Each structure stands twice: as C-alpha cells, then as structure tokens.
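See below for coords-v2.cif, which holds mmCIF, C-alpha atoms, pLDDT in the B column; chains and numbers go by the auth columns.
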data_data
loop_
_atom_site.group_PDB
_atom_site.id
_atom_site.type_symbol
_atom_site.label_atom_id
_atom_site.label_comp_id
_atom_site.label_asym_id
_atom_site.label_seq_id
_atom_site.Cartn_x
_atom_site.Cartn_y
_atom_site.Cartn_z
_atom_site.B_iso_or_equiv
_atom_site.auth_seq_id
_atom_site.auth_asym_id
ATOM 1 C CA MET A 1 0.000 0.000 0.000 51.00 1 A
ATOM 2 C CA GLU A 2 1.218 3.501 -0.850 61.00 2 A
ATOM 3 C CA SER A 3 2.213 5.966 1.854 78.00 3 A
ATOM 4 C CA ALA A 4 0.992 9.540 2.250 79.00 4 A
ATOM 5 C CA VAL A 5 3.128 12.669 2.556 82.00 5 A
ATOM 6 C CA LEU A 6 2.661 16.327 3.423 84.00 6 A
ATOM 7 C CA LEU A 7 3.616 18.461 0.420 88.00 7 A
ATOM 8 C CA THR A 8 4.658 21.922 1.602 89.00 8 A
ATOM 9 C CA THR A 9 5.163 24.709 -0.924 87.00 9 A
ATOM 10 C CA ILE A 10 6.604 28.136 -0.040 85.00 10 A
ATOM 11 C CA ALA A 11 6.200 30.825 -2.698 82.00 11 A
ATOM 12 C CA ASP A 12 6.532 34.557 -3.224 79.00 12 A
ATOM 13 C CA ARG A 13 3.108 36.068 -2.533 80.00 13 A
ATOM 14 C CA ARG A 14 3.166 37.913 -5.869 79.00 14 A
ATOM 15 C CA ARG A 15 3.056 34.551 -7.675 79.00 15 A
ATOM 16 C CA SER A 16 0.056 33.255 -5.730 79.00 16 A
ATOM 17 C CA GLU A 17 -2.277 33.044 -8.743 84.00 17 A
ATOM 18 C CA LYS A 18 0.171 30.836 -10.657 86.00 18 A
ATOM 19 C CA TYR A 19 0.494 28.445 -7.726 84.00 19 A
ATOM 20 C CA GLU A 20 -3.246 28.349 -7.059 84.00 20 A
ATOM 21 C CA SER A 21 -3.908 27.626 -10.736 86.00 21 A
ATOM 22 C CA PHE A 22 -1.319 24.842 -10.684 88.00 22 A
ATOM 23 C CA PHE A 23 -2.885 23.127 -7.657 85.00 23 A
ATOM 24 C CA THR A 24 -6.375 23.483 -9.143 83.00 24 A
ATOM 25 C CA ALA A 25 -5.293 22.016 -12.475 86.00 25 A
ATOM 26 C CA SER A 26 -3.550 19.158 -10.638 85.00 26 A
ATOM 27 C CA ARG A 27 -6.894 18.239 -9.002 80.00 27 A
ATOM 28 C CA ILE A 28 -5.549 18.071 -5.478 78.00 28 A
ATOM 29 C CA PRO A 29 -8.521 17.344 -3.142 68.00 29 A
ATOM 30 C CA VAL A 30 -7.545 19.838 -0.418 64.00 30 A
ATOM 31 C CA SER A 31 -4.830 22.502 -0.200 70.00 31 A
ATOM 32 C CA LEU A 32 -4.469 24.866 2.729 69.00 32 A
ATOM 33 C CA MET A 33 -2.857 28.265 2.214 77.00 33 A
ATOM 34 C CA THR A 34 -1.480 30.714 4.773 79.00 34 A
ATOM 35 C CA PRO A 35 0.521 33.959 4.506 80.00 35 A
ATOM 36 C CA ALA A 36 4.052 34.035 5.906 78.00 36 A
ATOM 37 C CA VAL A 37 7.150 36.217 6.036 71.00 37 A
ATOM 38 C CA GLY A 38 10.641 35.229 4.906 68.00 38 A
ATOM 39 C CA THR A 39 13.628 35.946 7.175 64.00 39 A
ATOM 40 C CA ALA A 40 16.288 36.477 4.504 57.00 40 A
ATOM 41 C CA SER A 41 18.231 39.743 4.708 56.00 41 A
ATOM 42 C CA SER A 42 17.447 42.614 2.349 56.00 42 A
ATOM 43 C CA GLN A 43 20.801 42.095 0.604 55.00 43 A
ATOM 44 C CA ILE A 44 19.890 38.494 -0.207 50.00 44 A
ATOM 45 C CA LEU A 45 16.438 39.543 -1.417 50.00 45 A
ATOM 46 C CA ASP A 46 17.955 42.186 -3.695 52.00 46 A
ATOM 47 C CA TYR A 47 20.495 39.709 -5.059 47.00 47 A
ATOM 48 C CA MET A 48 17.790 37.162 -5.820 46.00 48 A
ATOM 49 C CA GLY A 49 15.587 39.808 -7.415 46.00 49 A
ATOM 50 C CA ILE A 50 12.674 39.210 -5.044 45.00 50 A
ATOM 51 C CA GLY A 51 12.346 42.708 -3.608 45.00 51 A
ATOM 52 C CA GLU A 52 10.111 41.628 -0.721 50.00 52 A
ATOM 53 C CA SER A 53 9.858 38.757 1.738 67.00 53 A
ATOM 54 C CA GLU A 54 6.082 38.199 1.831 78.00 54 A
ATOM 55 C CA LYS A 55 5.348 34.519 1.271 81.00 55 A
ATOM 56 C CA LEU A 56 2.494 32.068 0.884 82.00 56 A
ATOM 57 C CA ILE A 57 2.632 28.520 2.214 84.00 57 A
ATOM 58 C CA PHE A 58 0.507 25.742 0.717 85.00 58 A
ATOM 59 C CA PHE A 59 -0.064 22.486 2.626 84.00 59 A
ATOM 60 C CA SER A 60 -1.361 19.423 0.747 83.00 60 A
ATOM 61 C CA VAL A 61 -1.664 15.807 1.914 79.00 61 A
ATOM 62 C CA LEU A 62 -1.090 13.444 -1.017 84.00 62 A
ATOM 63 C CA PRO A 63 -0.168 9.874 -1.925 85.00 63 A
ATOM 64 C CA GLU A 64 3.620 9.674 -2.129 86.00 64 A
ATOM 65 C CA GLU A 65 3.766 8.855 -5.846 87.00 65 A
ATOM 66 C CA GLN A 66 1.411 11.708 -6.753 86.00 66 A
ATOM 67 C CA ALA A 67 3.505 14.154 -4.737 88.00 67 A
ATOM 68 C CA HIS A 68 6.634 12.871 -6.498 90.00 68 A
ATOM 69 C CA ARG A 69 5.071 13.610 -9.890 90.00 69 A
ATOM 70 C CA LEU A 70 3.865 17.038 -8.739 89.00 70 A
ATOM 71 C CA LEU A 71 7.357 18.060 -7.631 90.00 71 A
ATOM 72 C CA LYS A 72 8.673 17.334 -11.109 90.00 72 A
ATOM 73 C CA GLU A 73 5.824 19.265 -12.726 89.00 73 A
ATOM 74 C CA MET A 74 6.287 22.195 -10.361 87.00 74 A
ATOM 75 C CA ASN A 75 9.950 22.357 -11.268 86.00 75 A
ATOM 76 C CA LYS A 76 9.028 22.634 -14.951 86.00 76 A
ATOM 77 C CA GLN A 77 5.836 24.702 -14.904 89.00 77 A
ATOM 78 C CA LEU A 78 6.644 27.034 -11.984 86.00 78 A
ATOM 79 C CA ARG A 79 10.406 27.082 -12.662 85.00 79 A
ATOM 80 C CA LEU A 80 11.466 26.299 -9.109 80.00 80 A
ATOM 81 C CA TYR A 81 15.033 25.848 -10.302 77.00 81 A
ATOM 82 C CA ILE A 82 15.274 29.668 -10.562 78.00 82 A
ATOM 83 C CA PRO A 83 16.299 31.334 -7.245 72.00 83 A
ATOM 84 C CA GLY A 84 13.447 33.215 -5.590 69.00 84 A
ATOM 85 C CA THR A 85 10.564 31.463 -7.369 76.00 85 A
ATOM 86 C CA GLY A 86 9.740 29.079 -4.529 81.00 86 A
ATOM 87 C CA ILE A 87 10.549 25.835 -2.752 85.00 87 A
ATOM 88 C CA ALA A 88 8.579 22.627 -2.305 88.00 88 A
ATOM 89 C CA TYR A 89 9.290 19.530 -0.211 88.00 89 A
ATOM 90 C CA THR A 90 7.527 16.440 1.125 89.00 90 A
ATOM 91 C CA ILE A 91 7.374 15.007 4.649 84.00 91 A
ATOM 92 C CA PRO A 92 6.245 11.429 5.393 82.00 92 A
ATOM 93 C CA LEU A 93 3.096 11.049 7.510 70.00 93 A
ATOM 94 C CA SER A 94 2.758 8.253 10.059 57.00 94 A
ATOM 95 C CA SER A 95 -0.923 8.332 11.058 57.00 95 A
ATOM 96 C CA PHE A 96 -4.355 9.872 10.581 60.00 96 A
ATOM 97 C CA ALA A 97 -7.225 10.339 13.021 51.00 97 A
ATOM 98 C CA GLY A 98 -9.620 8.062 11.177 54.00 98 A
ATOM 99 C CA ALA A 99 -10.165 6.932 7.587 61.00 99 A
ATOM 100 C CA LEU A 100 -12.605 9.785 6.921 55.00 100 A
ATOM 101 C CA ALA A 101 -9.884 12.390 7.418 56.00 101 A
ATOM 102 C CA LEU A 102 -7.541 10.442 5.167 62.00 102 A
ATOM 103 C CA LYS A 103 -10.135 10.222 2.393 65.00 103 A
ATOM 104 C CA TYR A 104 -11.071 13.892 2.745 60.00 104 A
ATOM 105 C CA LEU A 105 -7.488 15.115 2.409 62.00 105 A
ATOM 106 C CA THR A 106 -6.174 12.725 -0.254 66.00 106 A
ATOM 107 C CA GLY A 107 -9.281 11.435 -2.026 65.00 107 A
ATOM 108 C CA SER A 108 -8.350 7.882 -1.005 63.00 108 A
ATOM 109 C CA ASP A 109 -8.828 5.634 2.028 56.00 109 A
ATOM 110 C CA GLN A 110 -6.499 2.927 0.714 56.00 110 A
ATOM 111 C CA LEU A 111 -3.159 4.399 1.742 61.00 111 A
ATOM 112 C CA GLY A 112 -0.816 2.612 4.102 53.00 112 A
ATOM 113 C CA ILE A 113 0.413 4.934 6.865 50.00 113 A
ATOM 114 C CA ASN A 114 3.151 3.205 8.828 41.00 114 A
ATOM 115 C CA GLU A 115 5.296 4.133 11.805 35.00 115 A
ATOM 116 C CA GLU A 116 8.389 6.156 10.946 36.00 116 A
ATOM 117 C CA GLU A 117 11.339 3.970 9.972 38.00 117 A
ATOM 118 C CA LYS A 118 14.774 4.696 11.334 39.00 118 A
ATOM 119 C CA THR A 119 17.191 5.408 8.481 39.00 119 A
ATOM 120 C CA PRO A 120 20.837 6.470 8.681 41.00 120 A
ATOM 121 C CA MET A 121 21.520 10.129 7.901 41.00 121 A
ATOM 122 C CA ASP A 122 23.824 10.971 5.017 47.00 122 A
ATOM 123 C CA LYS A 123 25.337 14.285 4.016 47.00 123 A
ATOM 124 C CA LYS A 124 22.691 14.888 1.343 59.00 124 A
ATOM 125 C CA SER A 125 19.588 14.260 3.487 83.00 125 A
ATOM 126 C CA LYS A 126 17.507 17.207 4.675 86.00 126 A
ATOM 127 C CA GLU A 127 15.431 17.997 7.744 87.00 127 A
ATOM 128 C CA LEU A 128 12.612 20.436 8.430 88.00 128 A
ATOM 129 C CA ILE A 129 13.087 22.174 11.771 90.00 129 A
ATOM 130 C CA ILE A 130 9.924 23.718 13.212 88.00 130 A
ATOM 131 C CA ALA A 131 10.201 26.180 16.078 88.00 131 A
ATOM 132 C CA ILE A 132 7.213 27.644 17.925 85.00 132 A
ATOM 133 C CA THR A 133 7.996 30.784 19.913 87.00 133 A
ATOM 134 C CA ASN A 134 6.249 33.661 21.641 87.00 134 A
ATOM 135 C CA HIS A 135 5.456 36.448 19.183 89.00 135 A
ATOM 136 C CA GLY A 136 8.180 39.043 18.752 90.00 136 A
ATOM 137 C CA HIS A 137 11.257 36.851 19.237 93.00 137 A
ATOM 138 C CA VAL A 138 11.899 35.659 15.673 93.00 138 A
ATOM 139 C CA ASP A 139 15.074 37.727 15.244 93.00 139 A
ATOM 140 C CA THR A 140 16.638 36.258 18.393 95.00 140 A
ATOM 141 C CA LEU A 141 15.755 32.735 17.325 95.00 141 A
ATOM 142 C CA MET A 142 16.957 33.152 13.737 95.00 142 A
ATOM 143 C CA ASP A 143 20.225 34.792 14.824 95.00 143 A
ATOM 144 C CA ALA A 144 20.948 31.699 16.907 96.00 144 A
ATOM 145 C CA ALA A 145 19.926 29.372 14.061 95.00 145 A
ATOM 146 C CA ARG A 146 22.118 31.157 11.508 94.00 146 A
ATOM 147 C CA GLU A 147 25.150 31.050 13.816 95.00 147 A
ATOM 148 C CA ALA A 148 24.703 27.265 13.884 95.00 148 A
ATOM 149 C CA GLY A 149 24.460 26.902 10.096 92.00 149 A
ATOM 150 C CA ALA A 150 20.880 27.722 9.066 92.00 150 A
ATOM 151 C CA ARG A 151 20.509 29.596 5.759 87.00 151 A
ATOM 152 C CA GLY A 152 17.117 31.167 6.511 86.00 152 A
ATOM 153 C CA GLY A 153 13.554 30.422 7.474 90.00 153 A
ATOM 154 C CA THR A 154 9.896 31.193 6.904 87.00 154 A
ATOM 155 C CA VAL A 155 7.647 32.644 9.610 88.00 155 A
ATOM 156 C CA ILE A 156 3.935 32.064 10.244 85.00 156 A
ATOM 157 C CA HIS A 157 2.034 34.124 12.799 80.00 157 A
ATOM 158 C CA ALA A 158 -0.427 32.035 14.818 75.00 158 A
ATOM 159 C CA LEU A 159 -2.542 31.914 17.941 65.00 159 A
ATOM 160 C CA GLY A 160 -1.744 29.250 20.521 60.00 160 A
ATOM 161 C CA THR A 161 -4.107 27.344 22.815 55.00 161 A
ATOM 162 C CA GLY A 162 -3.540 25.676 26.163 53.00 162 A
ATOM 163 C CA ALA A 163 -1.730 28.611 27.787 54.00 163 A
ATOM 164 C CA GLU A 164 -3.542 27.990 31.069 55.00 164 A
ATOM 165 C CA GLN A 165 -2.370 24.374 31.166 50.00 165 A
ATOM 166 C CA ALA A 166 1.227 25.379 30.448 52.00 166 A
ATOM 167 C CA GLU A 167 1.172 27.935 33.258 54.00 167 A
ATOM 168 C CA LYS A 168 -0.346 25.380 35.627 52.00 168 A
ATOM 169 C CA PHE A 169 2.134 22.576 34.951 44.00 169 A
ATOM 170 C CA PHE A 170 5.304 24.482 34.016 48.00 170 A
ATOM 171 C CA GLY A 171 4.885 27.621 36.116 48.00 171 A
ATOM 172 C CA ILE A 172 5.466 29.991 33.188 50.00 172 A
ATOM 173 C CA SER A 173 3.319 32.643 31.571 52.00 173 A
ATOM 174 C CA VAL A 174 2.740 31.689 27.929 55.00 174 A
ATOM 175 C CA ALA A 175 1.695 34.335 25.393 59.00 175 A
ATOM 176 C CA ARG A 176 -1.224 33.386 23.142 68.00 176 A
ATOM 177 C CA GLU A 177 0.347 35.030 20.092 79.00 177 A
ATOM 178 C CA LYS A 178 2.921 32.712 18.527 83.00 178 A
ATOM 179 C CA ASP A 179 5.335 32.634 15.632 87.00 179 A
ATOM 180 C CA MET A 180 6.111 29.373 13.814 87.00 180 A
ATOM 181 C CA ILE A 181 9.477 29.248 12.055 92.00 181 A
ATOM 182 C CA PHE A 182 10.163 26.649 9.342 90.00 182 A
ATOM 183 C CA ILE A 183 13.836 25.965 8.565 92.00 183 A
ATOM 184 C CA VAL A 184 14.990 23.442 5.937 90.00 184 A
ATOM 185 C CA THR A 185 18.572 22.319 6.553 90.00 185 A
ATOM 186 C CA HIS A 186 21.056 19.492 6.114 89.00 186 A
ATOM 187 C CA SER A 187 20.574 16.621 8.557 88.00 187 A
ATOM 188 C CA ARG A 188 24.186 17.048 9.654 90.00 188 A
ATOM 189 C CA ASP A 189 23.386 20.587 10.881 92.00 189 A
ATOM 190 C CA ARG A 190 20.081 19.767 12.571 90.00 190 A
ATOM 191 C CA ASN A 191 21.297 19.075 16.099 90.00 191 A
ATOM 192 C CA ALA A 192 23.544 22.133 16.222 94.00 192 A
ATOM 193 C CA ILE A 193 20.751 24.434 15.013 94.00 193 A
ATOM 194 C CA MET A 194 18.204 23.021 17.441 91.00 194 A
ATOM 195 C CA LYS A 195 20.635 23.254 20.367 93.00 195 A
ATOM 196 C CA ALA A 196 21.453 26.847 19.464 94.00 196 A
ATOM 197 C CA ILE A 197 17.770 27.789 19.359 94.00 197 A
ATOM 198 C CA VAL A 198 17.109 26.165 22.732 92.00 198 A
ATOM 199 C CA SER A 199 20.155 27.890 24.227 93.00 199 A
ATOM 200 C CA LYS A 200 19.313 31.405 22.990 94.00 200 A
ATOM 201 C CA ALA A 201 15.490 31.269 22.734 93.00 201 A
ATOM 202 C CA GLY A 202 14.383 28.237 24.759 89.00 202 A
ATOM 203 C CA ALA A 203 12.212 27.775 27.839 81.00 203 A
ATOM 204 C CA ALA A 204 14.634 29.716 30.027 84.00 204 A
ATOM 205 C CA THR A 205 14.156 32.852 27.897 90.00 205 A
ATOM 206 C CA LYS A 206 11.241 35.164 27.164 89.00 206 A
ATOM 207 C CA ALA A 207 10.856 33.495 23.768 89.00 207 A
ATOM 208 C CA HIS A 208 9.889 30.119 25.324 85.00 208 A
ATOM 209 C CA ALA A 209 10.621 28.372 22.013 87.00 209 A
ATOM 210 C CA ILE A 210 9.651 24.744 21.375 84.00 210 A
ATOM 211 C CA VAL A 211 11.589 22.990 18.610 88.00 211 A
ATOM 212 C CA PHE A 212 11.189 19.711 16.748 83.00 212 A
ATOM 213 C CA SER A 213 12.187 18.302 13.367 85.00 213 A
ATOM 214 C CA LEU A 214 10.770 16.156 10.574 80.00 214 A
ATOM 215 C CA PRO A 215 12.535 14.305 7.757 82.00 215 A
ATOM 216 C CA VAL A 216 12.307 15.810 4.260 85.00 216 A
ATOM 217 C CA THR A 217 11.968 13.043 1.676 77.00 217 A
ATOM 218 C CA GLU A 218 12.225 15.080 -1.536 77.00 218 A
ATOM 219 C CA ILE A 219 13.027 18.668 -2.336 80.00 219 A
ATOM 220 C CA ALA A 220 12.884 21.058 -5.297 78.00 220 A
ATOM 221 C CA GLY A 221 13.903 24.681 -5.670 72.00 221 A
ATOM 222 C CA LEU A 222 16.675 24.731 -3.054 63.00 222 A
ATOM 223 C CA ARG A 223 20.428 24.407 -3.571 63.00 223 A
ATOM 224 C CA MET A 224 22.374 24.449 -0.329 59.00 224 A
ATOM 225 C CA ASP A 225 25.851 23.602 -1.591 56.00 225 A
ATOM 226 C CA GLU A 226 27.757 21.547 -4.114 48.00 226 A
ATOM 227 C CA ASP A 227 27.127 18.348 -2.136 52.00 227 A
ATOM 228 C CA ASP A 228 23.550 18.335 -3.483 51.00 228 A
ATOM 229 C CA GLU A 229 24.537 17.763 -7.076 46.00 229 A
#
If you convert what's in this file into structure tokens, what do you get?
Amino acid sequence: MESAVLLTTIADRRRSEKYESFFTASRIPVSLMTPAVGTASSQILDYMGIGESEKLIFFSVLPEEQAHRLLKEMNKQLRLYIPGTGIAYTIPLSSFAGALALKYLTGSDQLGINEEEKTPMDKKSKELIIAITNHGHVDTLMDAAREAGARGGTVIHALGTGAEQAEKFFGISVAREKDMIFIVTHSRDRNAIMKAIVSKAGAATKAHAIVFSLPVTEIAGLRMDEDDE
C-alpha cells in the first residue's frame, strides 16, 4: 500500500495566482494556504531579485507517488530551479485520526500509513526544523539558528491554545500570540541548530521556544551547496 506525505510549498506572494492555478489544475482534493514572512536579509532579497519577503505557504496531503510527480511538474511549470521562485518539499506522515480524514485530504482511504522507519543520515539528506515561539522573538531565534548553520527560514504568525495548562504545569506565563518558524537544513546541521535555538530562545528565555524536526523526503527549488549535485 502507498504511503501519504505532506507536500509543503513556499512561494513569493506575488506569484500566488500561478500556484493556485497549478494546484487546481492538478486536481488536489484539499490545499491549505497561509501567509508568511521570509527571514532572509534585504541584501539576499535584492540579489535574488525578489524585492520583498512576503510569502504564501501551501499544505497538501497526497499519496507519495502523486507528490513525487507534482514536484517534477512544479519544477518545470513554476520554474522552481530559478532562485526566488519558490521551494517545495515532502514530509512522510505516520498516522491519521480516522479513515474519513484520510479520504477527505487525499481522495483515497487505501493508503498505508506506517510508523516512521529509522534510516541512517547521510550528508545529502535534509530535515525540516519547526520552532514555535512567543510572538516578537523571531530575530533572536533566527540569529541563533544562523550562527549554527541555518541559511534562513519562513515565519507564520499564529494563535496558541492551552496557555492555562502550560502555566499550571510548568509555572510559566505563555503568550497566546505565537510565531512558527520553518527551517529546511542538512541533517548534519540539525542538532547544532536546534541546540542553538534552545540555548538562545528556549524555555529559560522570554521566547519560550519549542523545537522539533521532521525528515524531508524530496526537495525542489533549493540548492544548499555543491554536495547536493
């Protein structure tokens, strides 16, 4: 049975219509879209010809083979191989809360969702680091991440729940406004980046950042160094 993956696409907000048209034409059952802000410096933005850092993030749950085909089509039709046009990657999913949710998101209830398998890391494998922090502390967190090897990240503003429970059990005051930071990096740099974030923006700081990572199975539109060729 085929596995399911989360296809995440990060694009310049000015190209939103092209991406929406692509997902519609590809007949993806459900795609979720949210605005975000890139963390790249203005010099990098100018060099890449972007001019602004406003982003859109699309989330789609798909059968693995379909997502594989879509990545190839996105590379061709949306020209992800050109710097600044966007990035797309897939993350394996291990479980769903019921067959109805699976069918709603993917259009199929015949996918096999297994427990995550342990695989050795190599120098070409990638990881998605997700950090959740109190609103207003992105710069502190990203400064720490960059010092440890991160190239950049994408920020989503969100509202958190369960603040009362956190204060009750952990004795800390948790702000409801949150920022989620998505960082794609080499697996070899993951631990250093996560440790740096915890050290400079972790629970002992005003940022109260929570960090975790997920494996990236395929990637398009991102060239980190010559090792990727």
Using all atoms of stretch 31-36 of chain A that appear in the file, construct an axis-aligned enclosing box with 6 Å of padding on every side and provide its centre coordinates and edge lengths in Å, rounded to one decimal, as JSON.
{"center_x": -0.4, "center_y": 28.3, "center_z": 2.9, "size_x": 20.9, "size_y": 23.5, "size_z": 18.1}
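For the structure shown here, the set of residues caught by the PyMOL selection byres ((chain A and resi 64) around 6) is A:Ser3, A:Ala4, A:Val5, A:Pro63, A:Glu65, A:Gln66, A:Ala67.
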Residue IDs satisfying the PyMOL selection byres ((chain A and resi 137) around 10), as JSON, numbers by chain: {"A": [133, 134, 135, 136, 138, 139, 140, 141, 142, 178, 179, 201, 205, 206, 207, 208, 209]}
Residue selection dump (C-alpha atoms) as a short mmCIF file (atom, residue, chain, number, x, y, z; two decimals), keeping the file's coordinate frame:
data_model
loop_
_atom_site.label_atom_id
_atom_site.label_comp_id
_atom_site.auth_asym_id
_atom_site.auth_seq_id
_atom_site.Cartn_x
_atom_site.Cartn_y
_atom_site.Cartn_z
CA THR A 133 8.00 30.78 19.91
CA ASN A 134 6.25 33.66 21.64
CA HIS A 135 5.46 36.45 19.18
CA GLY A 136 8.18 39.04 18.75
CA VAL A 138 11.90 35.66 15.67
CA ASP A 139 15.07 37.73 15.24
CA THR A 140 16.64 36.26 18.39
CA LEU A 141 15.76 32.74 17.32
CA MET A 142 16.96 33.15 13.74
CA LYS A 178 2.92 32.71 18.53
CA ASP A 179 5.34 32.63 15.63
CA ALA A 201 15.49 31.27 22.73
CA THR A 205 14.16 32.85 27.90
CA LYS A 206 11.24 35.16 27.16
CA ALA A 207 10.86 33.49 23.77
CA HIS A 208 9.89 30.12 25.32
CA ALA A 209 10.62 28.37 22.01
#
Test item: the PyMOL selection byres ((chain A and resi 56) around 7) resolved as a ChimeraX atom specification: /A:10-13,33-36,55,57-58
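Atom to atom, atom CA of A:Phe23 and atom CA of A:Ile129 stand 25.2 Å apart.
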